[in-house]
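See below for start-v1.txt, which holds compact mmCIF, C-alpha atoms.
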# COMPACT_ATOMS: atom_id res chain seq x y z
CA MET R 99 61.15 62.59 -20.48
CA ALA R 100 62.74 59.42 -21.79
CA VAL R 101 66.19 58.19 -20.93
CA LEU R 102 67.05 58.21 -24.65
CA GLU R 103 66.22 61.92 -24.86
CA THR R 104 68.04 63.06 -21.74
CA ASP R 105 71.32 61.14 -22.27
CA TYR R 106 71.13 60.64 -18.51
CA LEU R 107 72.76 57.23 -18.69
CA GLY R 108 74.67 57.78 -21.92
CA ARG R 109 76.96 60.40 -20.41
CA ALA R 110 77.99 58.00 -17.66
CA ARG R 111 78.65 55.21 -20.15
CA GLU R 112 80.84 57.38 -22.34
CA GLN R 113 82.99 58.27 -19.36
CA THR R 114 83.18 54.68 -18.10
CA LEU R 115 84.50 53.53 -21.47
CA ALA R 116 86.84 56.52 -21.69
CA LEU R 117 88.58 55.35 -18.52
CA VAL R 118 89.69 52.12 -20.16
CA ASP R 119 89.91 53.14 -23.80
CA ALA R 120 93.73 53.29 -23.70
CA VAL R 121 94.10 50.14 -21.57
CA SER R 122 95.33 47.09 -23.48
CA ASP R 123 93.21 43.96 -23.65
CA ASP R 124 95.69 42.11 -21.45
CA ASP R 125 95.71 44.83 -18.79
CA LEU R 126 91.93 45.09 -18.90
CA GLU R 127 91.42 41.37 -18.42
CA ARG R 128 94.01 40.46 -15.78
CA VAL R 129 94.14 40.88 -12.00
CA HIS R 130 96.29 43.82 -10.89
CA SER R 131 95.72 43.45 -7.16
CA PRO R 132 93.92 40.86 -5.00
CA LEU R 133 92.05 43.82 -3.52
CA MET R 134 90.42 44.63 -6.86
CA SER R 135 88.53 42.97 -9.69
CA PRO R 136 89.87 42.67 -13.24
CA LEU R 137 88.74 45.86 -14.94
CA VAL R 138 86.75 43.91 -17.51
CA TRP R 139 84.82 42.21 -14.68
CA ASP R 140 83.55 45.65 -13.67
CA LEU R 141 82.30 46.24 -17.23
CA GLY R 142 80.39 42.98 -17.22
CA HIS R 143 79.04 43.65 -13.75
CA ILE R 144 77.78 47.10 -14.80
CA ALA R 145 75.97 45.51 -17.77
CA THR R 146 74.46 42.74 -15.61
CA PHE R 147 73.21 45.21 -13.00
CA GLU R 148 71.49 47.34 -15.65
CA ASP R 149 70.03 44.30 -17.38
CA LEU R 150 68.69 42.91 -14.10
CA TRP R 151 67.17 46.10 -12.66
CA LEU R 152 65.95 47.89 -15.79
CA ALA R 153 65.51 45.47 -18.70
CA HIS R 154 64.40 42.47 -16.62
CA ARG R 155 62.75 43.65 -13.39
CA ARG R 156 61.41 46.96 -14.71
CA GLY R 157 60.81 46.03 -18.34
CA GLY R 158 59.97 42.33 -18.01
CA LEU R 159 62.58 41.20 -20.57
CA PRO R 160 64.57 37.98 -20.23
CA LEU R 161 68.17 38.39 -19.09
CA VAL R 162 70.83 38.46 -21.79
CA TYR R 163 73.17 36.16 -19.84
CA PRO R 164 71.23 34.44 -17.03
CA GLU R 165 74.08 31.94 -16.67
CA LEU R 166 76.44 34.77 -15.64
CA LEU R 167 74.40 36.11 -12.74
CA ASP R 168 76.62 34.35 -10.20
CA VAL R 169 79.81 35.44 -11.97
CA TYR R 170 78.79 39.08 -11.68
CA ASP R 171 77.21 38.90 -8.23
CA ALA R 172 79.43 41.23 -6.19
CA PHE R 173 78.38 39.75 -2.86
CA GLU R 174 78.66 36.07 -3.80
CA THR R 175 82.02 36.48 -5.56
CA PRO R 176 84.54 38.42 -3.41
CA ARG R 177 87.19 40.41 -5.27
CA ALA R 178 90.00 38.03 -4.39
CA ARG R 179 88.20 35.24 -6.32
CA ARG R 180 87.03 37.14 -9.37
CA GLY R 181 90.15 36.54 -11.42
CA GLU R 182 89.31 32.81 -11.43
CA LEU R 183 85.77 33.27 -12.78
CA PRO R 184 84.61 32.73 -16.39
CA TYR R 185 83.94 36.44 -16.94
CA LEU R 186 83.50 37.93 -20.40
CA ARG R 187 86.58 39.28 -22.12
CA ARG R 188 86.82 42.74 -23.60
CA ALA R 189 84.99 42.43 -26.92
CA GLU R 190 82.19 40.38 -25.37
CA ALA R 191 81.85 42.68 -22.35
CA GLU R 192 81.66 45.81 -24.50
CA GLN R 193 79.05 44.18 -26.73
CA TYR R 194 77.13 43.13 -23.60
CA LEU R 195 77.08 46.74 -22.42
CA ALA R 196 75.80 47.92 -25.81
CA THR R 197 73.15 45.21 -26.06
CA VAL R 198 71.74 45.92 -22.62
CA ARG R 199 71.68 49.67 -23.23
CA GLU R 200 69.76 49.20 -26.48
CA ARG R 201 67.18 47.08 -24.64
CA VAL R 202 66.80 49.76 -21.96
CA ARG R 203 66.40 52.53 -24.52
CA GLY R 204 63.52 50.61 -26.02
CA LEU R 205 61.63 50.72 -22.73
CA GLY R 206 61.25 54.51 -22.82
CA LEU R 207 61.72 54.86 -19.07
CA GLY R 208 61.54 58.35 -17.62
CA ALA R 209 64.62 60.01 -16.16
CA ASP R 210 62.73 60.23 -12.86
CA GLU R 211 62.35 56.45 -12.72
CA PRO R 212 63.92 55.42 -9.35
CA PHE R 213 65.70 52.39 -10.76
CA VAL R 214 67.28 54.53 -13.49
CA ASP R 215 68.86 56.57 -10.70
CA LEU R 216 69.99 53.36 -9.02
CA VAL R 217 71.63 52.08 -12.21
CA LEU R 218 73.27 55.43 -12.97
CA ARG R 219 74.79 55.75 -9.51
CA HIS R 220 75.91 52.13 -9.57
CA GLU R 221 77.88 52.72 -12.76
CA ARG R 222 79.38 55.94 -11.42
CA GLN R 223 80.50 54.17 -8.25
CA HIS R 224 82.15 51.42 -10.25
CA ALA R 225 83.97 54.02 -12.31
CA GLU R 226 85.65 55.19 -9.10
CA THR R 227 86.41 51.59 -8.16
CA MET R 228 88.02 51.11 -11.57
CA LEU R 229 90.12 54.22 -10.95
CA GLN R 230 91.32 52.63 -7.71
CA THR R 231 92.38 49.58 -9.74
CA LEU R 232 94.14 51.76 -12.30
CA ALA R 233 95.93 53.63 -9.52
CA LEU R 234 97.23 50.37 -8.10
CA ALA R 235 98.17 49.06 -11.55
CA ALA R 236 100.21 52.20 -12.46
CA LEU R 237 100.07 51.26 -16.14
CA GLU R 238 102.77 52.77 -18.31
CA GLY R 239 101.31 55.44 -20.60
CA TRP R 240 97.75 55.37 -19.21
CA ARG R 241 96.24 58.72 -18.23
CA PRO R 242 92.73 59.53 -16.95
CA PRO R 243 90.48 61.78 -19.05
CA ALA R 244 91.41 65.43 -18.58
CA SER R 245 89.01 67.48 -16.47
CA GLY R 246 90.12 71.07 -16.77
CA CYS R 247 89.24 71.69 -13.12
CA VAL R 248 91.89 73.65 -11.25
CA GLY R 249 92.08 75.49 -7.96
CA THR R 250 94.72 76.91 -5.67
CA ALA R 251 94.49 78.29 -2.16
CA ASP R 252 95.28 81.93 -1.40
CA GLU R 253 97.60 80.85 1.39
CA PRO R 254 98.81 77.57 2.92
CA ALA R 255 96.24 75.84 5.09
CA SER R 256 96.60 73.25 7.82
CA GLY R 257 94.13 70.59 8.82
CA LEU R 258 94.98 71.36 12.45
CA GLU R 259 93.20 74.72 12.23
CA LEU R 260 89.85 73.98 13.88
CA VAL R 261 86.52 75.79 13.68
CA ASP R 262 83.80 75.64 16.31
CA VAL R 263 80.48 73.90 15.66
CA PRO R 264 77.82 74.70 18.27
CA ALA R 265 75.64 72.04 19.82
CA ALA R 266 72.66 71.36 17.61
CA SER R 267 69.63 69.22 17.01
CA TYR R 268 69.32 68.38 13.33
CA PRO R 269 67.80 65.82 10.92
CA LEU R 270 70.47 63.20 10.14
CA GLY R 271 70.13 61.43 6.83
CA ALA R 272 68.28 61.89 3.58
CA GLY R 273 64.78 63.29 3.55
CA GLY R 274 62.26 64.06 0.85
CA ALA R 275 61.43 62.15 -2.29
CA SER R 276 64.79 62.39 -4.10
CA PHE R 277 66.90 59.27 -4.55
CA ALA R 278 68.94 58.08 -1.58
CA TYR R 279 70.34 54.71 -0.57
CA ASP R 280 68.63 52.69 2.13
CA ASN R 281 71.48 53.31 4.61
CA GLU R 282 70.80 57.09 4.41
CA ARG R 283 67.23 56.61 5.64
CA PRO R 284 65.11 57.14 7.56
CA GLN R 285 65.96 60.74 8.34
CA HIS R 286 65.73 61.25 12.07
CA GLU R 287 66.39 64.00 14.57
CA ILE R 288 69.58 63.74 16.60
CA GLU R 289 71.45 65.94 19.04
CA VAL R 290 75.17 66.68 18.81
CA GLU R 291 77.24 68.32 21.51
CA ARG R 292 79.47 71.28 20.71
CA PHE R 293 82.75 70.29 19.07
CA ALA R 294 85.49 71.62 16.80
CA ILE R 295 86.48 70.27 13.40
CA GLY R 296 89.26 70.89 10.90
CA ARG R 297 88.59 73.82 8.56
CA VAL R 298 90.25 71.74 5.83
CA PRO R 299 91.37 68.11 5.63
CA LEU R 300 94.88 67.24 6.76
CA THR R 301 97.44 68.20 4.14
CA ASN R 302 100.57 66.48 2.91
CA ALA R 303 102.52 69.07 4.90
CA ASP R 304 100.65 68.07 8.06
CA TRP R 305 101.36 64.42 7.37
CA LEU R 306 105.00 64.93 6.40
CA ALA R 307 105.66 66.37 9.87
CA PHE R 308 104.14 63.23 11.39
CA VAL R 309 106.34 61.00 9.24
CA THR R 310 109.48 63.05 9.90
CA GLU R 311 109.09 62.87 13.66
CA GLY R 312 108.78 59.09 13.53
CA GLY R 313 105.01 58.81 13.75
CA TYR R 314 105.00 55.38 12.18
CA ALA R 315 107.43 54.08 14.82
CA ARG R 316 105.81 55.58 17.95
CA ARG R 317 103.83 52.69 19.44
CA ALA R 318 102.07 54.93 21.98
CA TRP R 319 100.13 56.70 19.23
CA TRP R 320 98.67 53.57 17.68
CA SER R 321 95.80 51.36 18.74
CA GLU R 322 96.55 47.71 19.38
CA GLU R 323 94.89 46.68 16.11
CA GLY R 324 96.51 49.52 14.19
CA TRP R 325 99.99 48.73 15.46
CA ALA R 326 99.61 45.04 14.63
CA TRP R 327 98.56 45.97 11.07
CA ARG R 328 101.34 48.56 10.65
CA SER R 329 103.97 46.13 11.89
CA ALA R 330 102.79 43.20 9.79
CA GLU R 331 102.55 45.29 6.62
CA ARG R 332 105.65 47.40 7.41
CA ILE R 333 103.77 50.63 6.74
CA GLU R 334 105.98 53.73 6.85
CA ARG R 335 104.13 56.35 4.79
CA PRO R 336 100.89 56.87 2.82
CA LEU R 337 100.35 54.29 0.11
CA ARG R 338 101.26 56.48 -2.87
CA TRP R 339 104.21 58.34 -1.34
CA LEU R 340 107.62 57.40 -2.67
CA GLU R 341 110.85 57.57 -0.68
CA ASP R 342 112.37 60.53 -2.54
CA GLY R 343 109.73 63.21 -1.84
CA LEU R 344 107.56 62.20 -4.79
CA GLU R 345 103.98 60.96 -4.97
CA ARG R 346 102.33 58.76 -7.56
CA HIS R 347 99.13 60.25 -8.96
CA LEU R 348 96.78 58.79 -11.53
CA ASP R 349 98.63 60.70 -14.24
CA GLY R 350 102.15 59.79 -13.14
CA VAL R 351 104.77 60.68 -10.54
CA HIS R 352 104.96 64.27 -9.23
CA PRO R 353 106.72 66.15 -6.42
CA LEU R 354 104.70 65.96 -3.23
CA ASN R 355 102.20 68.84 -3.19
CA LEU R 356 102.43 69.96 0.42
CA GLN R 357 99.18 71.93 0.27
CA ALA R 358 97.05 69.11 -1.14
CA PRO R 359 95.04 66.85 1.18
CA VAL R 360 96.86 63.68 2.15
CA VAL R 361 95.28 60.68 0.42
CA HIS R 362 95.50 56.88 0.49
CA VAL R 363 95.75 56.52 4.26
CA SER R 364 93.93 53.98 6.40
CA TYR R 365 91.72 54.54 9.41
CA TYR R 366 94.50 53.16 11.59
CA GLU R 367 96.93 55.77 10.28
CA ALA R 368 94.35 58.52 10.70
CA GLU R 369 93.73 57.43 14.28
CA ALA R 370 97.47 57.42 15.07
CA TYR R 371 97.93 60.90 13.63
CA ALA R 372 95.04 62.24 15.70
CA ASN R 373 96.47 60.68 18.85
CA ALA R 374 99.84 62.27 18.11
CA ARG R 375 98.27 65.73 17.92
CA GLY R 376 95.90 65.47 20.86
CA VAL R 377 92.80 65.52 18.67
CA ARG R 378 90.47 62.82 17.37
CA LEU R 379 88.49 61.84 14.30
CA PRO R 380 84.89 63.03 13.95
CA SER R 381 81.86 60.80 14.22
CA GLU R 382 79.72 60.69 11.10
CA LEU R 383 77.02 62.60 13.01
CA GLU R 384 79.46 65.44 13.62
CA TRP R 385 80.72 65.25 10.05
CA GLU R 386 77.26 65.61 8.51
CA LEU R 387 76.37 68.50 10.80
CA ALA R 388 79.59 70.35 9.94
CA ALA R 389 79.21 69.64 6.24
CA SER R 390 75.72 70.76 5.50
CA TRP R 391 73.21 71.59 8.14
CA ASP R 392 71.98 74.29 10.43
CA ALA R 393 68.53 74.71 11.91
CA GLU R 394 67.22 77.16 9.28
CA ARG R 395 68.71 75.60 6.15
CA ALA R 396 68.43 71.88 6.88
CA ALA R 397 65.33 71.31 4.80
CA LYS R 398 66.67 73.23 1.78
CA LEU R 399 70.26 72.17 1.28
CA THR R 400 71.32 69.48 -1.12
CA TRP R 401 74.93 70.68 -1.32
CA PRO R 402 76.92 72.58 1.30
CA TRP R 403 77.03 75.69 -0.89
CA GLY R 404 73.43 75.76 -2.12
CA GLU R 405 70.67 73.92 -3.89
CA ALA R 406 72.40 73.49 -7.26
CA PRO R 407 74.74 70.59 -8.06
CA PRO R 408 78.44 71.48 -8.07
CA GLN R 409 80.18 73.02 -11.05
CA PRO R 410 83.95 73.04 -11.70
CA ARG R 411 84.24 76.51 -10.18
CA HIS R 412 82.67 75.22 -6.96
CA ALA R 413 84.32 71.86 -6.53
CA ASN R 414 86.37 69.30 -8.35
CA LEU R 415 83.36 67.02 -8.45
CA ILE R 416 82.80 66.65 -12.15
CA GLU R 417 81.69 64.08 -14.66
CA SER R 418 85.10 62.73 -15.63
CA ALA R 419 88.08 61.64 -13.61
CA VAL R 420 90.59 64.14 -12.28
CA PHE R 421 94.19 63.57 -11.37
CA ALA R 422 94.35 64.48 -7.67
CA PRO R 423 92.61 66.57 -4.98
CA LEU R 424 92.85 70.34 -5.18
CA GLN R 425 94.86 72.34 -2.66
CA ALA R 426 93.25 72.43 0.76
CA GLY R 427 91.13 75.55 1.12
CA ALA R 428 91.18 76.26 -2.63
CA LEU R 429 87.44 76.67 -3.17
CA SER R 430 86.04 79.15 -0.68
CA ASP R 431 82.64 79.12 -2.42
CA GLY R 432 82.25 75.58 -1.15
CA ALA R 433 82.28 76.47 2.56
CA SER R 434 79.64 74.83 4.70
CA PRO R 435 77.41 77.00 6.92
CA TYR R 436 80.09 76.67 9.62
CA GLY R 437 82.95 77.76 7.37
CA VAL R 438 84.34 74.27 6.83
CA LEU R 439 85.97 73.70 3.42
CA GLY R 440 86.48 70.76 1.09
CA MET R 441 84.01 68.39 2.69
CA ILE R 442 82.56 67.27 -0.63
CA GLY R 443 84.76 65.96 -3.39
CA ASP R 444 88.42 66.19 -2.36
CA VAL R 445 89.08 63.01 -0.36
CA TRP R 446 86.88 60.53 1.43
CA GLU R 447 87.16 61.26 5.15
CA TRP R 448 87.32 58.58 7.83
CA THR R 449 84.94 58.80 10.79
CA THR R 450 84.91 56.89 14.06
CA SER R 451 81.46 55.47 13.33
CA ASP R 452 80.81 51.81 12.67
CA PHE R 453 78.64 51.17 9.62
CA ARG R 454 75.16 50.45 10.99
CA GLY R 455 71.57 51.11 9.99
CA TYR R 456 69.73 54.13 11.28
CA PRO R 457 66.82 53.55 13.69
CA GLY R 458 63.94 52.18 11.63
CA PHE R 459 66.21 51.07 8.76
CA VAL R 460 64.49 49.09 6.00
CA SER R 461 66.53 47.29 3.37
CA HIS R 462 65.79 48.51 -0.20
CA PRO R 463 65.92 47.39 -2.90
CA TYR R 464 68.20 44.51 -1.83
CA ARG R 465 69.93 43.51 1.42
CA GLU R 466 73.35 43.15 -0.18
CA TYR R 467 73.80 46.86 -0.79
CA SER R 468 73.98 47.82 2.90
CA GLU R 469 72.53 45.47 5.49
CA VAL R 470 74.94 42.56 5.09
CA PHE R 471 77.86 44.90 5.89
CA PHE R 472 76.45 46.37 9.10
CA GLY R 473 78.57 45.90 12.19
CA SER R 474 81.88 46.83 13.79
CA ASP R 475 84.10 45.51 10.99
CA TYR R 476 83.60 48.60 8.81
CA ARG R 477 84.16 52.32 9.42
CA VAL R 478 82.05 54.97 7.71
CA LEU R 479 83.69 57.42 5.31
CA ARG R 480 82.02 60.62 4.20
CA GLY R 481 82.29 63.33 1.57
CA GLY R 482 83.37 61.70 -1.70
CA SER R 483 86.71 62.14 -3.43
CA PHE R 484 88.15 63.89 -6.47
CA ALA R 485 87.30 60.67 -8.35
CA THR R 486 83.65 60.56 -7.22
CA SER R 487 80.94 61.69 -9.61
CA ALA R 488 78.58 64.48 -8.66
CA ASP R 489 75.80 62.09 -9.68
CA VAL R 490 76.62 60.04 -6.57
CA VAL R 491 77.85 61.99 -3.60
CA THR R 492 75.77 64.21 -1.32
CA PRO R 493 76.28 65.33 2.29
CA THR R 494 74.21 62.33 3.45
CA PHE R 495 75.98 59.68 1.36
CA ARG R 496 77.68 56.96 3.43
CA ASN R 497 80.66 54.97 2.22
CA TRP R 498 82.32 52.22 4.27
CA ASP R 499 85.44 50.08 4.30
CA PHE R 500 87.74 48.05 6.53
CA PRO R 501 89.92 50.26 8.78
CA HIS R 502 93.13 48.92 7.20
CA ARG R 503 92.19 49.69 3.59
CA ARG R 504 94.29 52.27 1.71
CA GLN R 505 93.46 51.83 -1.98
CA ILE R 506 90.44 54.09 -1.62
CA PHE R 507 90.95 57.83 -2.18
CA ALA R 508 90.68 58.50 1.55
CA GLY R 509 92.14 61.27 3.68
CA VAL R 510 91.55 62.68 7.14
CA ARG R 511 89.75 65.53 8.87
CA VAL R 512 90.32 65.86 12.61
CA ALA R 513 87.98 67.00 15.37
CA ALA R 514 88.17 67.86 19.06
CA ASP R 515 85.93 68.21 22.09
CA THR R 516 85.29 71.76 23.27
CA GLN R 517 84.19 73.18 26.60

What would the structure in this file look like if it were written as structure tokens?
Amino acid sequence: MAVLETDYLGRAREQTLALVDAVSDDDLERVHSPLMSPLVWDLGHIATFEDLWLAHRRGGLPLVYPELLDVYDAFETPRARRGELPYLRRAEAEQYLATVRERVRGLGLGADEPFVDLVLRHERQHAETMLQTLALAALEGWRPPASGCVGTADEPASGLELVDVPAASYPLGAGGASFAYDNERPQHEIEVERFAIGRVPLTNADWLAFVTEGGYARRAWWSEEGWAWRSAERIERPLRWLEDGLERHLDGVHPLNLQAPVVHVSYYEAEAYANARGVRLPSELEWELAASWDAERAAKLTWPWGEAPPQPRHANLIESAVFAPLQAGALSDGASPYGVLGMIGDVWEWTTSDFRGYPGFVSHPYREYSEVFFGSDYRVLRGGSFATSADVVTPTFRNWDFPHRRQIFAGVRVAADTQ
């Protein structure tokens, strides 16, 4: 079945453009934060990636803009430098996207073509990155596309309510022939000792108690690196919390929803909270076990709640952006085999694991996706966020970032050792 017939890529493109449709040319083309690219750079990068991997390498066509390969090379041009580059402006970038897509349609590639999956997921991931930029920019009058996905919990939940996960041997990582990134492979058997993990992620209510009791001023709860960062940056609350009990969402300022997962916190903050409560953060091995696997179902599950991709009634993982995470514990149909809720699609969740390759790792299709980031500088995050597309995230998907970063839609799930 051809790409043109399935609209496999077209749906993603419509939603990418919808994110910035109401953004002015000036706001699209300028730098809003040194942490992020100009939004229009992302559009040009998306077009270049598709042109390189589908039109050029798969279809044998010459590149549309070979002279811009370095400009749109994400590894060679760090975000802090991108505002200085000769990137295409809005009209040119949008035409570039259209030109490349027309070339790709002419190739008649099947929807099961591996590089089509690569290009689709790449665009979806950049859509979330663009939402991070828009969140930091807080543009007057801009709103994300409406999703219509709602969910409330039957009763207040706390991320300090733990559930037991028995010791298990299970296959970590992605197996089978379906698409997965190189850092998710090879699947390999591991053993995990018994532990406990939060039934839901930490909520704003959980975090407010930490703030109120002076958690950001209690040196004993912070690591040396975390305290140095907190002190230098004068961090006193999650990134999007305001001083008057309000929180800035993508769609504006709202009263703090105490039952929603806390979001926009760093690994250092997560670590300090866990220390304050006598718990810890999970490793990514524990996280993946709790999210999706048991001995009988490991080979069958793609999603924690079954084999089918999520629908709005199951999770707030949908094709367009949503405003904020749902209330913790809102979607009981999404429980993992161990009764853990909200592990896919509410907030990215920090783990204690450094980002490294699995035993037998082989870089594919290029080193710059994963391998160049391996090491102790980055912590692994799992689970996706309310802004992550269902085309991207699975229980085996691995995200990573510096432990001090807060612009990502990241929250916290705690864990504990058990006897």

Select from stretch 180-219 of chain R every residue with an atom at most 10 Å from any atom of stretch 488-494 of chain R, then for each give the shortest pair of atoms and their distance in Å to one decimal, using all atoms listed in the file, rows by chain and rising number, as a Markdown table.
| residue | atom | partner | partner_atom | distance |
| --- | --- | --- | --- | --- |
| R:Asp215 | CA | R:Asp489 | CA | 8.9 |
| R:Leu216 | CA | R:Val490 | CA | 9.7 |
| R:Leu218 | CA | R:Asp489 | CA | 7.8 |
| R:Arg219 | CA | R:Val490 | CA | 5.5 |

With C-alpha atoms retained, write the just-selected residues as a short mmCIF file (atom, residue, chain, number, x, y, z; two decimals), in the coordinates of the input.
data_model
loop_
_atom_site.label_atom_id
_atom_site.label_comp_id
_atom_site.auth_asym_id
_atom_site.auth_seq_id
_atom_site.Cartn_x
_atom_site.Cartn_y
_atom_site.Cartn_z
CA ASP R 215 68.86 56.57 -10.70
CA LEU R 216 69.99 53.36 -9.02
CA LEU R 218 73.27 55.43 -12.97
CA ARG R 219 74.79 55.75 -9.51
#

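For the set R:Ala191, R:Arg179, R:Thr301, R:Trp151, the residue with the smallest atom-to-atom gap to R:Trp139 is R:Ala191, counting all atoms listed in the file.
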
With distances taken over all atoms listed in the file, the candidate from R:Gln425, R:Asn281, R:Ser321, R:Ser483 nearest R:Pro457 is R:Asn281

Nearest residue to R:Val202 out of R:His286, R:His462, R:Arg335, R:Arg156, using only C-alpha atoms?
R:Arg156

I'd like the neighbourhood of R:Pro132 as a PDB file with C-alpha atoms, keeping the file's coordinate frame, where a residue qualifies if any of its atoms comes within 12 Å (using all atoms listed in the file), though same-chain residues fewer than 6 positions away should be ignored.
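Writing done, so here's out_9.pdb:
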ATOM      1  CA  PRO R 176      84.540  38.420  -3.410  1.00  0.00           C
ATOM      2  CA  ARG R 177      87.190  40.410  -5.270  1.00  0.00           C
ATOM      3  CA  ALA R 178      90.000  38.030  -4.390  1.00  0.00           C
ATOM      4  CA  ARG R 179      88.200  35.240  -6.320  1.00  0.00           C
ATOM      5  CA  ARG R 180      87.030  37.140  -9.370  1.00  0.00           C
ATOM      6  CA  GLY R 181      90.150  36.540 -11.420  1.00  0.00           C
ATOM      7  CA  GLU R 182      89.310  32.810 -11.430  1.00  0.00           C
ATOM      8  CA  THR R 231      92.380  49.580  -9.740  1.00  0.00           C
ATOM      9  CA  LEU R 234      97.230  50.370  -8.100  1.00  0.00           C
ATOM     10  CA  ALA R 235      98.170  49.060 -11.550  1.00  0.00           C
ATOM     11  CA  GLN R 505      93.460  51.830  -1.980  1.00  0.00           C
TER      12      GLN R 505
END

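The shortest atom-to-atom distance to R:Arg496, with all atoms listed in the file taken into account, belongs to R:Gly481 out of R:Pro284, R:Pro264, R:Gly458, R:Gly481.
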
For atom CA of R:Met441 and atom CA of R:Leu232, determine how far apart the two atoms are, in Å to one decimal place.
24.6 Å
